[in-house]
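*Asks:* My structure file structure_18.cif, mmCIF, N, CA, C and O atoms, is below:
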```cif
data_final
#
loop_
_atom_site.label_atom_id
_atom_site.label_comp_id
_atom_site.auth_asym_id
_atom_site.auth_seq_id
_atom_site.Cartn_x
_atom_site.Cartn_y
_atom_site.Cartn_z
N MET D 19 51.46 -36.44 -11.55
CA MET D 19 52.14 -36.96 -10.37
C MET D 19 52.70 -38.33 -10.70
O MET D 19 51.98 -39.20 -11.18
N ASN D 20 54.00 -38.52 -10.49
CA ASN D 20 54.57 -39.83 -10.81
C ASN D 20 54.38 -40.79 -9.64
O ASN D 20 53.90 -40.43 -8.57
N GLN D 21 54.75 -42.02 -9.85
CA GLN D 21 54.52 -43.08 -8.87
C GLN D 21 55.25 -42.79 -7.55
O GLN D 21 54.71 -43.02 -6.48
N SER D 22 56.46 -42.27 -7.62
CA SER D 22 57.24 -41.97 -6.42
C SER D 22 56.54 -40.90 -5.58
O SER D 22 56.47 -41.00 -4.36
N GLN D 23 56.02 -39.88 -6.25
CA GLN D 23 55.31 -38.82 -5.52
C GLN D 23 54.02 -39.36 -4.91
O GLN D 23 53.64 -38.98 -3.81
N ASN D 24 53.35 -40.24 -5.64
CA ASN D 24 52.10 -40.83 -5.16
C ASN D 24 52.36 -41.68 -3.90
O ASN D 24 51.62 -41.59 -2.92
N ILE D 25 53.41 -42.47 -3.93
CA ILE D 25 53.76 -43.31 -2.77
C ILE D 25 54.13 -42.43 -1.58
O ILE D 25 53.71 -42.67 -0.45
N SER D 26 54.89 -41.37 -1.85
CA SER D 26 55.27 -40.44 -0.79
C SER D 26 54.04 -39.77 -0.19
O SER D 26 53.93 -39.61 1.03
N ASN D 27 53.11 -39.39 -1.04
CA ASN D 27 51.88 -38.76 -0.58
C ASN D 27 51.07 -39.73 0.30
O ASN D 27 50.56 -39.35 1.35
N GLN D 28 50.96 -40.97 -0.15
CA GLN D 28 50.23 -41.97 0.62
C GLN D 28 50.90 -42.23 1.96
O GLN D 28 50.22 -42.39 2.98
N ALA D 29 52.22 -42.25 1.97
CA ALA D 29 52.95 -42.46 3.22
C ALA D 29 52.71 -41.30 4.18
O ALA D 29 52.52 -41.51 5.38
N GLY D 30 52.69 -40.10 3.65
CA GLY D 30 52.41 -38.93 4.48
C GLY D 30 51.02 -38.97 5.06
O GLY D 30 50.81 -38.64 6.23
N GLN D 31 50.05 -39.39 4.25
CA GLN D 31 48.68 -39.50 4.73
C GLN D 31 48.57 -40.58 5.82
O GLN D 31 47.91 -40.38 6.84
N ALA D 32 49.23 -41.71 5.61
CA ALA D 32 49.20 -42.79 6.60
C ALA D 32 49.83 -42.33 7.90
O ALA D 32 49.33 -42.62 8.99
N LYS D 33 50.93 -41.59 7.81
CA LYS D 33 51.60 -41.07 9.01
C LYS D 33 50.67 -40.13 9.77
O LYS D 33 50.54 -40.20 10.98
N GLY D 34 50.01 -39.24 9.05
CA GLY D 34 49.09 -38.30 9.68
C GLY D 34 47.94 -39.00 10.36
O GLY D 34 47.54 -38.65 11.47
N GLN D 35 47.40 -40.02 9.70
CA GLN D 35 46.30 -40.79 10.30
C GLN D 35 46.76 -41.52 11.55
O GLN D 35 46.04 -41.58 12.54
N ALA D 36 47.95 -42.09 11.50
CA ALA D 36 48.48 -42.81 12.66
C ALA D 36 48.71 -41.86 13.84
O ALA D 36 48.41 -42.19 14.99
N GLU D 37 49.22 -40.68 13.53
CA GLU D 37 49.45 -39.69 14.60
C GLU D 37 48.13 -39.26 15.22
O GLU D 37 48.03 -39.10 16.43
N GLU D 38 47.12 -39.04 14.39
CA GLU D 38 45.81 -38.63 14.89
C GLU D 38 45.19 -39.73 15.76
O GLU D 38 44.62 -39.46 16.81
N LYS D 39 45.32 -40.98 15.31
CA LYS D 39 44.79 -42.09 16.08
C LYS D 39 45.52 -42.22 17.42
O LYS D 39 44.89 -42.43 18.46
N ALA D 40 46.83 -42.08 17.41
CA ALA D 40 47.62 -42.16 18.64
C ALA D 40 47.22 -41.03 19.60
O ALA D 40 47.09 -41.25 20.81
N SER D 41 47.00 -39.86 19.06
CA SER D 41 46.58 -38.72 19.88
C SER D 41 45.23 -39.00 20.53
O SER D 41 45.03 -38.73 21.72
N GLY D 42 44.31 -39.55 19.78
CA GLY D 42 42.99 -39.91 20.31
C GLY D 42 43.09 -40.96 21.40
O GLY D 42 42.40 -40.88 22.42
N MET D 43 43.96 -41.93 21.20
CA MET D 43 44.13 -42.99 22.20
C MET D 43 44.75 -42.41 23.48
O MET D 43 44.36 -42.79 24.59
N MET D 44 45.69 -41.48 23.32
CA MET D 44 46.29 -40.85 24.50
C MET D 44 45.25 -40.05 25.27
O MET D 44 45.23 -40.07 26.51
N ASP D 45 44.36 -39.37 24.56
CA ASP D 45 43.29 -38.63 25.22
C ASP D 45 42.38 -39.58 26.00
O ASP D 45 41.99 -39.29 27.13
N GLN D 46 42.04 -40.71 25.40
CA GLN D 46 41.19 -41.69 26.07
C GLN D 46 41.87 -42.24 27.32
O GLN D 46 41.23 -42.40 28.36
N MET D 47 43.16 -42.53 27.22
CA MET D 47 43.89 -43.05 28.38
C MET D 47 43.97 -42.00 29.48
O MET D 47 43.84 -42.31 30.66
N SER D 48 44.18 -40.76 29.09
CA SER D 48 44.23 -39.68 30.07
C SER D 48 42.89 -39.53 30.77
O SER D 48 42.84 -39.37 32.00
N ASN D 49 41.81 -39.59 30.02
CA ASN D 49 40.48 -39.50 30.61
C ASN D 49 40.21 -40.67 31.55
O ASN D 49 39.63 -40.49 32.63
N ALA D 50 40.62 -41.86 31.17
CA ALA D 50 40.43 -43.04 32.03
C ALA D 50 41.23 -42.91 33.31
O ALA D 50 40.75 -43.24 34.40
N ALA D 51 42.45 -42.41 33.20
CA ALA D 51 43.29 -42.23 34.39
C ALA D 51 42.69 -41.19 35.32
O ALA D 51 42.68 -41.37 36.54
N GLN D 52 42.19 -40.10 34.76
CA GLN D 52 41.56 -39.06 35.58
C GLN D 52 40.32 -39.60 36.28
O GLN D 52 40.08 -39.33 37.46
N SER D 53 39.54 -40.39 35.56
CA SER D 53 38.34 -40.98 36.14
C SER D 53 38.69 -41.93 37.28
O SER D 53 38.06 -41.93 38.34
N ALA D 54 39.72 -42.74 37.08
CA ALA D 54 40.16 -43.67 38.13
C ALA D 54 40.66 -42.91 39.35
O ALA D 54 40.38 -43.28 40.49
N LYS D 55 41.39 -41.82 39.11
CA LYS D 55 41.89 -41.00 40.22
C LYS D 55 40.73 -40.43 41.03
O LYS D 55 40.74 -40.49 42.26
N GLU D 56 39.74 -39.89 40.33
CA GLU D 56 38.59 -39.31 41.03
C GLU D 56 37.81 -40.37 41.79
O GLU D 56 37.34 -40.13 42.90
N SER D 57 37.70 -41.55 41.20
CA SER D 57 37.00 -42.65 41.86
C SER D 57 37.73 -43.07 43.14
O SER D 57 37.10 -43.28 44.18
N CYS D 58 39.04 -43.16 43.07
CA CYS D 58 39.83 -43.53 44.25
C CYS D 58 39.74 -42.45 45.32
O CYS D 58 39.65 -42.76 46.51
N GLN D 59 39.75 -41.20 44.91
CA GLN D 59 39.63 -40.11 45.88
C GLN D 59 38.28 -40.17 46.57
O GLN D 59 38.18 -39.98 47.79
N GLY D 60 37.23 -40.45 45.82
CA GLY D 60 35.89 -40.56 46.40
C GLY D 60 35.81 -41.72 47.38
O GLY D 60 35.24 -41.60 48.47
N ALA D 61 36.38 -42.85 47.01
CA ALA D 61 36.37 -44.02 47.89
C ALA D 61 37.18 -43.74 49.15
O ALA D 61 36.77 -44.11 50.26
N GLY D 62 38.30 -43.06 49.00
CA GLY D 62 39.12 -42.71 50.16
C GLY D 62 38.38 -41.78 51.11
O GLY D 62 38.44 -41.94 52.33
N GLN D 63 37.65 -40.83 50.56
CA GLN D 63 36.88 -39.90 51.40
C GLN D 63 35.77 -40.64 52.13
O GLN D 63 35.52 -40.39 53.31
N GLN D 64 35.12 -41.58 51.45
CA GLN D 64 34.08 -42.38 52.10
C GLN D 64 34.66 -43.19 53.25
O GLN D 64 34.06 -43.27 54.33
N MET D 65 35.82 -43.79 53.04
CA MET D 65 36.46 -44.58 54.10
C MET D 65 36.82 -43.68 55.28
O MET D 65 36.63 -44.05 56.44
N LYS D 66 37.34 -42.50 54.98
CA LYS D 66 37.71 -41.56 56.04
C LYS D 66 36.47 -41.16 56.84
O LYS D 66 36.51 -41.13 58.08
N ASP D 67 35.38 -40.85 56.14
CA ASP D 67 34.15 -40.46 56.82
C ASP D 67 33.61 -41.58 57.70
O ASP D 67 33.16 -41.34 58.83
N LYS D 68 33.65 -42.81 57.20
CA LYS D 68 33.16 -43.95 57.98
C LYS D 68 34.04 -44.19 59.21
O LYS D 68 33.54 -44.48 60.30
N ALA D 69 35.35 -44.05 59.04
CA ALA D 69 36.26 -44.22 60.17
C ALA D 69 36.01 -43.15 61.22
O ALA D 69 36.01 -43.43 62.43
N GLN D 70 35.78 -41.92 60.77
CA GLN D 70 35.49 -40.84 61.71
C GLN D 70 34.19 -41.10 62.45
O GLN D 70 34.08 -40.89 63.65
N GLY D 71 33.19 -41.58 61.72
CA GLY D 71 31.91 -41.93 62.34
C GLY D 71 32.06 -43.02 63.37
O GLY D 71 31.47 -42.97 64.45
N ALA D 72 32.87 -44.03 63.05
CA ALA D 72 33.10 -45.13 64.00
C ALA D 72 33.83 -44.62 65.23
O ALA D 72 33.49 -44.97 66.38
N ALA D 73 34.82 -43.76 65.03
CA ALA D 73 35.56 -43.20 66.16
C ALA D 73 34.63 -42.36 67.04
O ALA D 73 34.69 -42.45 68.28
N ASP D 74 33.76 -41.58 66.42
CA ASP D 74 32.82 -40.77 67.19
C ASP D 74 31.85 -41.65 67.98
O ASP D 74 31.49 -41.33 69.12
N SER D 75 31.43 -42.75 67.37
CA SER D 75 30.52 -43.67 68.07
C SER D 75 31.18 -44.26 69.31
O SER D 75 30.56 -44.38 70.37
N VAL D 76 32.45 -44.63 69.19
CA VAL D 76 33.18 -45.18 70.33
C VAL D 76 33.32 -44.11 71.42
O VAL D 76 33.11 -44.38 72.60
N LYS D 77 33.66 -42.90 71.00
CA LYS D 77 33.78 -41.80 71.97
C LYS D 77 32.46 -41.56 72.69
O LYS D 77 32.43 -41.34 73.90
N ASP D 78 31.35 -41.60 71.93
CA ASP D 78 30.05 -41.41 72.54
C ASP D 78 29.75 -42.54 73.55
O ASP D 78 29.21 -42.29 74.63
N ALA D 79 30.12 -43.75 73.18
CA ALA D 79 29.84 -44.90 74.02
C ALA D 79 30.61 -44.84 75.34
O ALA D 79 30.11 -45.27 76.39
N VAL D 80 31.81 -44.28 75.31
CA VAL D 80 32.62 -44.21 76.54
C VAL D 80 32.57 -42.81 77.17
O VAL D 80 33.23 -42.57 78.18
N GLY D 81 31.75 -41.92 76.61
CA GLY D 81 31.58 -40.60 77.17
C GLY D 81 32.75 -39.68 76.94
O GLY D 81 32.94 -38.70 77.67
N ALA D 82 33.54 -39.92 75.91
CA ALA D 82 34.72 -39.10 75.66
C ALA D 82 34.49 -38.05 74.58
O ALA D 82 35.36 -37.26 74.32
N ASN D 83 33.33 -38.05 73.97
CA ASN D 83 33.05 -37.10 72.88
C ASN D 83 32.56 -35.79 73.49
O ASN D 83 31.51 -35.75 74.11
N LYS D 84 33.32 -34.75 73.32
CA LYS D 84 33.01 -33.46 73.95
C LYS D 84 32.48 -32.44 72.95
O LYS D 84 32.68 -31.26 73.13
N ASN D 85 31.82 -32.89 71.88
CA ASN D 85 31.29 -31.95 70.88
C ASN D 85 29.99 -31.39 71.33
O ASN D 85 29.08 -31.86 71.74
#
```
Output the file's structure as structure tokens, nothing else.

*Replies:*
Amino acid sequence: MNQSQNISNQAGQAKGQAEEKASGMMDQMSNAAQSAKESCQGAGQQMKDKAQGAADSVKDAVGANKN
């Protein structure tokens, strides 16, 4: 193998490693985004539940809750 082929081979290996690393980083970012989305959805559901509970308490206090 001559020097030109060796350099070309090394460049190909470096490119492959860079692509693999970029792919791994994209997977990590995707996982972090999914986790943040799920966390926000959970927080939103908790807020909704608390607001519903507060509304029910007010209805109970004024006798408007017909459940």

*Asks:* Rounded to one decimal, what separation in Å do you get between CA of Ala40 (chain D) and atom N of Lys55 (chain D)?

*Replies:*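 Separation between CA of Ala40 (chain D) and atom N of Lys55 (chain D): 21.4 Å.
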
*Asks:* How many Å separate atom O of Ser26 (chain D) from atom O of Gly42 (chain D)?

*Replies:*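 Pair atom O of Ser26 (chain D) / atom O of Gly42 (chain D) returns 24.3 Å.
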
*Asks:* Hey, can you check how far CA of Gly62 (chain D) sits from CA of Ala50 (chain D)?

*Replies:*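 Answer for the CA of Gly62 (chain D) to CA of Ala50 (chain D) separation: 18.2 Å.
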